[in-house]
>>> print(open('coords_2.tsv').read())   # TSV, C-alpha atoms
chain	number	residue	atom	x	y	z
A	861	MET	CA	78.36	142.64	89.39
A	862	ILE	CA	79.77	141.53	92.74
A	863	GLY	CA	78.28	138.10	92.20
A	864	ALA	CA	79.83	137.92	88.75
A	865	LEU	CA	83.21	138.94	90.17
A	866	ALA	CA	82.87	136.35	92.92
A	867	THR	CA	82.24	133.63	90.35
A	868	VAL	CA	85.29	134.80	88.40
A	869	GLU	CA	87.36	134.68	91.62
A	870	SER	CA	86.18	131.18	92.35
A	871	VAL	CA	87.14	130.03	88.86
A	872	ALA	CA	90.48	131.76	89.31
A	873	GLY	CA	90.98	129.91	92.62
A	874	THR	CA	90.27	126.57	90.97
A	875	ARG	CA	92.66	127.38	88.13
A	876	LEU	CA	95.41	128.45	90.55
A	877	SER	CA	94.87	125.25	92.53
A	878	GLU	CA	95.27	123.23	89.31
A	879	ILE	CA	98.51	125.03	88.44
A	880	GLY	CA	99.70	124.42	92.02
A	881	ALA	CA	98.95	120.69	91.65
A	882	GLN	CA	100.96	120.60	88.41
A	883	LEU	CA	103.90	122.40	90.02
A	884	ALA	CA	103.77	120.11	93.08
A	885	MET	CA	103.84	117.09	90.75
A	886	LEU	CA	106.88	118.52	88.94
A	887	GLY	CA	108.45	119.25	92.32
A	888	ALA	CA	107.98	115.65	93.46
A	889	VAL	CA	109.57	114.40	90.22
A	890	ALA	CA	112.45	116.88	90.65
A	891	LEU	CA	112.95	115.64	94.24
A	892	PHE	CA	113.18	112.08	92.88
A	893	VAL	CA	115.73	113.18	90.24
A	894	GLY	CA	117.70	114.86	93.04
A	895	GLY	CA	117.53	111.62	95.04
A	896	VAL	CA	118.86	109.70	92.01
A	897	CYS	CA	121.75	112.20	91.65
A	898	LEU	CA	122.58	111.80	95.35
A	899	ARG	CA	122.46	107.99	95.04
A	900	LEU	CA	124.78	108.13	92.02
A	901	ALA	CA	127.18	110.35	93.96
A	902	GLY	CA	127.46	107.88	96.83
A	903	ALA	CA	125.88	104.44	97.08
A	904	THR	CA	124.99	104.40	100.76
A	905	ALA	CA	122.02	102.63	102.36
A	906	ALA	CA	120.51	105.97	103.47
A	907	ARG	CA	120.56	107.32	99.91
A	908	THR	CA	119.05	104.11	98.53
A	909	ILE	CA	116.19	104.41	101.05
A	910	LEU	CA	115.85	108.10	100.17
A	911	MET	CA	115.71	107.40	96.43
A	912	ALA	CA	113.14	104.60	96.85
A	913	GLY	CA	111.01	106.81	99.10
A	914	LEU	CA	111.09	109.77	96.73
A	915	LEU	CA	110.20	107.46	93.80
A	916	LEU	CA	107.13	106.14	95.64
A	917	PHE	CA	106.14	109.66	96.73
A	918	ALA	CA	106.52	111.03	93.19
A	919	LEU	CA	104.43	108.16	91.76
A	920	GLY	CA	101.67	108.57	94.36
A	921	LEU	CA	101.55	112.35	94.04
A	922	SER	CA	101.57	112.19	90.23
A	923	VAL	CA	98.52	109.89	90.21
A	924	ARG	CA	96.69	112.19	92.67
A	925	SER	CA	97.61	115.32	90.70
A	926	LEU	CA	96.54	113.77	87.39
A	927	GLU	CA	93.22	112.77	88.97
A	928	HIS	CA	92.86	116.30	90.39
A	929	LEU	CA	93.58	117.77	86.95
A	930	GLY	CA	90.90	115.56	85.39
A	931	ALA	CA	93.28	113.48	83.27
A	932	PHE	CA	91.33	110.41	84.43
A	933	GLN	CA	88.59	109.62	86.89
A	934	LEU	CA	88.52	106.74	89.35
A	935	ASN	CA	85.08	105.20	89.69
A	936	TYR	CA	85.96	103.83	93.12
A	937	TYR	CA	86.09	104.84	96.77
A	938	PRO	CA	85.86	102.71	99.94
A	939	GLY	CA	82.29	101.81	100.77
A	940	TRP	CA	80.92	102.70	97.32
A	941	LYS	CA	78.67	99.62	97.28
A	942	ALA	CA	77.19	100.33	100.72
A	943	ASP	CA	76.53	103.95	99.68
A	944	LEU	CA	74.86	102.81	96.49
A	945	GLU	CA	72.59	100.40	98.35
A	946	GLU	CA	71.78	103.05	100.94
A	947	THR	CA	70.90	105.58	98.26
A	948	PHE	CA	68.74	103.27	96.20
A	949	LEU	CA	67.25	100.92	98.81
A	950	GLU	CA	67.40	102.32	102.34
A	951	THR	CA	66.41	105.91	101.52
A	952	ASP	CA	63.00	104.74	100.43
A	953	PRO	CA	62.33	101.05	101.21
A	954	HIS	CA	58.98	101.23	99.45
A	955	LEU	CA	60.58	102.29	96.21
A	956	GLU	CA	59.77	99.86	93.46
A	957	PHE	CA	62.04	99.40	90.52
A	958	SER	CA	60.82	98.57	87.08
A	959	ASN	CA	62.53	95.91	85.00
A	960	GLU	CA	64.17	98.64	82.95
A	961	ASP	CA	65.62	100.25	86.09
A	962	LEU	CA	67.09	96.95	87.24
A	963	GLU	CA	68.82	96.50	83.91
A	964	VAL	CA	70.68	99.78	84.36
A	965	ASP	CA	74.35	99.20	85.10
A	966	PHE	CA	75.48	101.46	87.97
A	967	GLY	CA	79.03	101.28	86.75
A	968	GLU	CA	80.88	98.79	88.90
A	969	PRO	CA	84.52	99.89	89.19
A	970	ALA	CA	87.07	98.12	87.05
A	971	TRP	CA	89.53	95.78	88.82
A	972	TRP	CA	92.38	98.29	88.50
A	973	GLU	CA	90.48	101.26	89.92
A	974	GLY	CA	90.50	99.95	93.49
A	975	ILE	CA	94.19	99.09	93.17
A	976	ALA	CA	94.93	102.59	91.84
A	977	TRP	CA	92.89	104.22	94.63
A	978	TRP	CA	94.59	102.30	97.44
A	979	GLY	CA	97.96	102.02	95.67
A	980	GLN	CA	98.50	105.77	95.30
A	981	ARG	CA	97.75	106.37	98.99
A	982	ALA	CA	99.95	103.48	100.12
A	983	ALA	CA	102.75	104.70	97.82
A	984	ARG	CA	102.58	108.23	99.24
A	985	LEU	CA	102.51	107.08	102.87
A	986	LEU	CA	105.32	104.54	102.44
A	987	GLY	CA	107.32	106.91	100.24
A	988	LEU	CA	107.04	109.77	102.71
A	989	GLY	CA	108.13	107.51	105.58
A	990	LEU	CA	111.13	106.19	103.64
A	991	ALA	CA	112.12	109.66	102.41
A	992	VAL	CA	111.99	111.13	105.94
A	993	THR	CA	114.20	108.25	107.17
A	994	GLY	CA	116.61	108.68	104.23
A	995	PHE	CA	116.98	112.45	104.66
A	996	PHE	CA	117.49	112.08	108.41
A	997	LEU	CA	120.11	109.31	108.07
A	998	ASP	CA	122.02	111.06	105.29
A	999	GLY	CA	121.92	114.38	107.19
A	1000	ARG	CA	123.25	112.69	110.33
A	1001	TRP	CA	126.03	111.09	108.31
A	1002	MET	CA	126.95	114.49	106.84
A	1003	LEU	CA	127.03	116.07	110.31
A	1004	GLN	CA	129.31	113.25	111.52
A	1005	GLN	CA	131.67	113.99	108.62
A	1006	GLY	CA	132.07	117.56	109.92
A	1007	GLY	CA	133.05	120.69	107.99
A	1008	PRO	CA	136.06	121.17	105.68
A	1009	LYS	CA	138.25	122.38	108.57
A	1010	ARG	CA	137.56	119.26	110.64
A	1011	ARG	CA	138.19	116.99	107.62
A	1012	ARG	CA	141.49	118.80	106.91
A	1013	ALA	CA	142.52	118.47	110.57
A	1014	ALA	CA	141.68	114.75	110.52
A	1015	ARG	CA	144.02	114.27	107.57
B	324	MET	CA	80.78	114.95	113.45
B	325	THR	CA	84.45	114.45	112.76
B	326	ASP	CA	85.20	111.91	110.07
B	327	PHE	CA	87.36	109.08	111.45
B	328	SER	CA	87.12	106.84	108.40
B	329	LEU	CA	90.24	105.15	107.00
B	330	LYS	CA	90.32	107.58	104.07
B	331	ALA	CA	90.15	110.70	106.27
B	332	THR	CA	92.65	109.33	108.83
B	333	GLY	CA	95.05	108.32	106.05
B	334	GLY	CA	94.84	111.84	104.64
B	335	ARG	CA	95.70	113.36	108.03
B	336	VAL	CA	98.65	110.97	108.50
B	337	GLU	CA	99.84	111.90	105.01
B	338	ASP	CA	99.67	115.62	105.87
B	339	ILE	CA	101.72	115.07	109.03
B	340	LEU	CA	104.26	112.92	107.16
B	341	LEU	CA	104.64	115.62	104.49
B	342	LEU	CA	105.36	118.16	107.23
B	343	PHE	CA	107.95	115.72	108.64
B	344	LEU	CA	109.47	115.33	105.14
B	345	LEU	CA	109.90	119.08	104.81
B	346	GLY	CA	111.40	119.20	108.33
B	347	ALA	CA	113.82	116.38	107.42
B	348	LEU	CA	114.70	118.29	104.22
B	349	ILE	CA	115.61	121.36	106.33
B	350	TYR	CA	117.78	119.16	108.59
B	351	PHE	CA	119.47	117.62	105.53
B	352	ALA	CA	120.05	121.09	104.01
B	353	VAL	CA	121.62	122.41	107.22
B	354	ALA	CA	123.84	119.30	107.47
B	355	TYR	CA	124.89	119.68	103.81
B	356	SER	CA	125.63	123.37	104.35
B	357	ARG	CA	127.77	122.64	107.45
B	358	ARG	CA	129.67	119.98	105.56
B	359	ARG	CA	130.44	122.50	102.82
B	360	GLY	CA	131.62	125.02	105.40
B	361	GLY	CA	128.55	127.30	105.40
B	362	ARG	CA	126.86	128.58	108.54
B	363	GLY	CA	123.14	128.80	107.79
B	364	PRO	CA	120.83	126.81	105.54
B	365	ASN	CA	121.32	127.14	101.78
B	366	PHE	CA	118.74	127.63	98.99
B	367	LEU	CA	117.42	124.10	99.57
B	368	GLY	CA	116.93	124.86	103.27
B	369	TRP	CA	115.17	128.17	102.72
B	370	SER	CA	112.83	126.78	100.06
B	371	ALA	CA	112.03	123.85	102.40
B	372	VAL	CA	111.32	126.32	105.25
B	373	ILE	CA	108.93	128.30	103.00
B	374	ALA	CA	107.24	125.08	101.78
B	375	LEU	CA	106.89	123.90	105.40
B	376	LEU	CA	105.29	127.20	106.49
B	377	ILE	CA	102.87	127.24	103.54
B	378	TYR	CA	101.89	123.62	104.09
B	379	ALA	CA	101.41	124.24	107.82
B	380	VAL	CA	99.00	127.07	106.90
B	381	MET	CA	97.15	124.71	104.54
B	382	VAL	CA	96.89	122.00	107.23
B	383	GLY	CA	95.73	124.61	109.76
B	384	ALA	CA	93.04	125.82	107.36
B	385	GLU	CA	91.87	122.23	106.89
B	386	VAL	CA	91.69	121.74	110.68
B	387	VAL	CA	89.56	124.91	111.02
B	388	ARG	CA	87.33	123.72	108.17
B	389	GLU	CA	86.78	120.33	109.81
B	390	ALA	CA	86.05	122.02	113.15
B	391	LEU	CA	83.45	124.25	111.48
B	392	ARG	CA	81.83	121.26	109.78
B	393	ALA	CA	81.72	119.39	113.10
B	394	SER	CA	80.24	122.40	114.95
B	395	ASN	CA	76.55	122.70	115.81
B	396	PRO	CA	75.04	123.92	113.50
B	397	PRO	CA	77.57	122.82	110.85
B	398	ARG	CA	79.09	125.67	108.84
B	399	GLU	CA	81.26	125.90	105.78
B	400	ASP	CA	83.00	129.25	106.43
B	401	PRO	CA	83.98	131.18	109.60
B	402	ASP	CA	81.79	134.11	110.66
B	403	LEU	CA	83.84	136.73	108.88
B	404	PRO	CA	82.75	139.26	106.26
B	405	ILE	CA	84.57	137.29	103.58
B	406	MET	CA	82.78	135.44	100.80
B	407	HIS	CA	83.20	131.72	100.17
B	408	GLU	CA	84.72	132.49	96.75
B	409	THR	CA	87.40	134.60	98.40
B	410	TRP	CA	88.37	131.70	100.69
B	411	ASN	CA	88.44	129.52	97.59
B	412	LEU	CA	90.75	132.01	95.87
B	413	LEU	CA	93.02	132.16	98.93
B	414	GLY	CA	93.16	128.35	98.93
B	415	GLY	CA	94.12	128.42	95.25
B	416	VAL	CA	96.89	130.98	95.85
B	417	THR	CA	98.25	128.94	98.80
B	418	SER	CA	98.19	125.78	96.71
B	419	LEU	CA	100.06	127.58	93.91
B	420	LEU	CA	102.68	128.93	96.33
B	421	PHE	CA	103.18	125.45	97.82
B	422	GLY	CA	103.66	124.03	94.31
B	423	VAL	CA	106.29	126.69	93.55
B	424	ALA	CA	108.07	126.04	96.89
B	425	LEU	CA	108.08	122.24	96.37
B	426	LEU	CA	109.42	122.69	92.83
B	427	ALA	CA	112.15	124.98	94.22
B	428	CYS	CA	113.02	122.25	96.76
B	429	GLY	CA	113.20	119.69	93.95
B	430	VAL	CA	115.43	121.85	91.75
B	431	ALA	CA	117.68	122.65	94.73
B	432	LEU	CA	117.98	118.93	95.59
B	433	VAL	CA	118.92	118.18	91.97
B	434	TYR	CA	121.67	120.83	92.30
B	435	VAL	CA	122.84	119.31	95.60
B	436	GLY	CA	122.92	115.84	94.02
B	437	TRP	CA	124.78	117.13	90.96
B	438	SER	CA	127.24	118.99	93.19
B	439	GLU	CA	127.81	115.86	95.30
B	440	SER	CA	128.40	113.70	92.23
B	441	LYS	CA	130.83	116.32	90.86
B	442	THR	CA	132.77	116.26	94.13
B	443	GLY	CA	132.75	112.46	94.03
B	444	ARG	CA	134.07	112.39	90.47
B	445	ARG	CA	136.76	114.89	91.37
B	446	GLY	CA	137.80	112.64	94.23
B	447	ALA	CA	137.87	109.63	91.94
B	448	LYS	CA	140.00	111.46	89.35
B	449	GLN	CA	142.78	112.29	91.83
B	450	LYS	CA	145.83	110.29	90.91
B	451	PRO	CA	148.00	108.80	93.66
B	452	LYS	CA	151.14	110.85	94.29
B	453	ARG	CA	154.40	109.29	93.28
B	454	ALA	CA	156.86	108.57	96.03
>>> encode(input="coords_2.tsv", output="structure tokens")
Amino acid sequence: MIGALATVESVAGTRLSEIGAQLAMLGAVALFVGGVCLRLAGATAARTILMAGLLLFALGLSVRSLEHLGAFQLNYYPGWKADLEETFLETDPHLEFSNEDLEVDFGEPAWWEGIAWWGQRAARLLGLGLAVTGFFLDGRWMLQQGGPKRRRAAR
Amino acid sequence: MTDFSLKATGGRVEDILLLFLLGALIYFAVAYSRRRGGRGPNFLGWSAVIALLIYAVMVGAEVVREALRASNPPREDPDLPIMHETWNLLGGVTSLLFGVALLACGVALVYVGWSESKTGRRGAKQKPKRA
């Protein structure tokens, strides 16, 4: 019974993690929409950087979340070929393959899968860097503007 | 042994940058609040603080996990009377809470952007006073 409950808990954890990934994806998209609203309110360089960063972050996180949710599967990771050779050749050097085995296609990744794998990571890293810079610059600009009292006194 | 591959290192850098993003969001929220005449952080600031704390817990858990895997002999869970499934469930709950907090940050930023654009439009609508 405890084992059965444990299995149920584990499934529940996976399900909660999936819902969390969906919410995080929506959150990243909402952050981008917020960045667009800010950019439309005032076309400053900081807000342009912020909007571009949040767009890249939202794109990268969406691809990761969709992969996590099983919407698609990337048949690629760095060093996949070396791993394949190690598994099939170096594990047992005396292993002999029949002609039928050699005809089996191990599923070489499509040209876009490597781009998607590296692209989503690059987009998230670059996007996060740009968004941090944008938030910091815009926040500093707002602090320099001062509160309503200071603006009224300046007038 | 600790994994220092490009994939693992990139993941760690990404985690740190996400913590920096949430920190920058708190700074932005405080600056926005001061500009509007408030004293403390607003809804955006508080949701960013909660998201930052939750993500820090998640990063901390990942650090502990890597340390356990790198220990001799390698282990998957700490020596506590808690089952692996329970850790998995806790991870799921934390992930869900982080998703909710990030969504709250996003919605709050949309409100801030909308509010800013409304203020901008109001400013644009003001007609020059006649002499």
>>> closest_atom_pairs(input="coords_2.tsv", of="chain B", to="chain A", cutoff="6 Å", atoms="all atoms listed in the file", output="CSV")
residue,atom,partner,partner_atom,distance
B:Glu337,CA,A:Leu985,CA,5.9
B:Leu344,CA,A:Val992,CA,5.0
B:Ala347,CA,A:Phe996,CA,5.7
B:Phe351,CA,A:Gly999,CA,4.4
B:Ala354,CA,A:Gly999,CA,5.3
B:Arg357,CA,A:Gly1007,CA,5.7
B:Arg358,CA,A:Gly1007,CA,4.2
B:Gly360,CA,A:Gly1007,CA,5.2
B:Glu408,CA,A:Ser870,CA,4.8
B:Asn411,CA,A:Gly873,CA,5.6
B:Leu412,CA,A:Gly873,CA,3.9
B:Gly415,CA,A:Ser877,CA,4.2
B:Ser418,CA,A:Gly880,CA,5.1
B:Leu419,CA,A:Gly880,CA,3.7
B:Gly422,CA,A:Ala884,CA,4.1
B:Leu425,CA,A:Gly887,CA,5.0
B:Leu426,CA,A:Gly887,CA,3.6
B:Gly429,CA,A:Leu891,CA,4.1
B:Val430,CA,A:Ala890,CA,5.9
B:Leu432,CA,A:Gly894,CA,4.8
B:Val433,CA,A:Gly894,CA,3.7
B:Gly436,CA,A:Leu898,CA,4.3
B:Trp437,CA,A:Cys897,CA,5.8
B:Glu439,CA,A:Ala901,CA,5.7
B:Ser440,CA,A:Ala901,CA,4.0
B:Gly443,CA,A:Ala901,CA,6.0
>>> atom_distance(input="coords_2.tsv", atom1="atom CA of Gly930 of chain A", atom2="atom CA of Pro969 of chain A")
17.3 Å
>>> atom_distance(input="coords_2.tsv", atom1="atom CA of Ala384 of chain B", atom2="atom CA of Thr417 of chain B")
10.5 Å
>>> atom_distance(input="coords_2.tsv", atom1="atom CA of Thr325 of chain B", atom2="atom CA of Leu391 of chain B")
9.9 Å
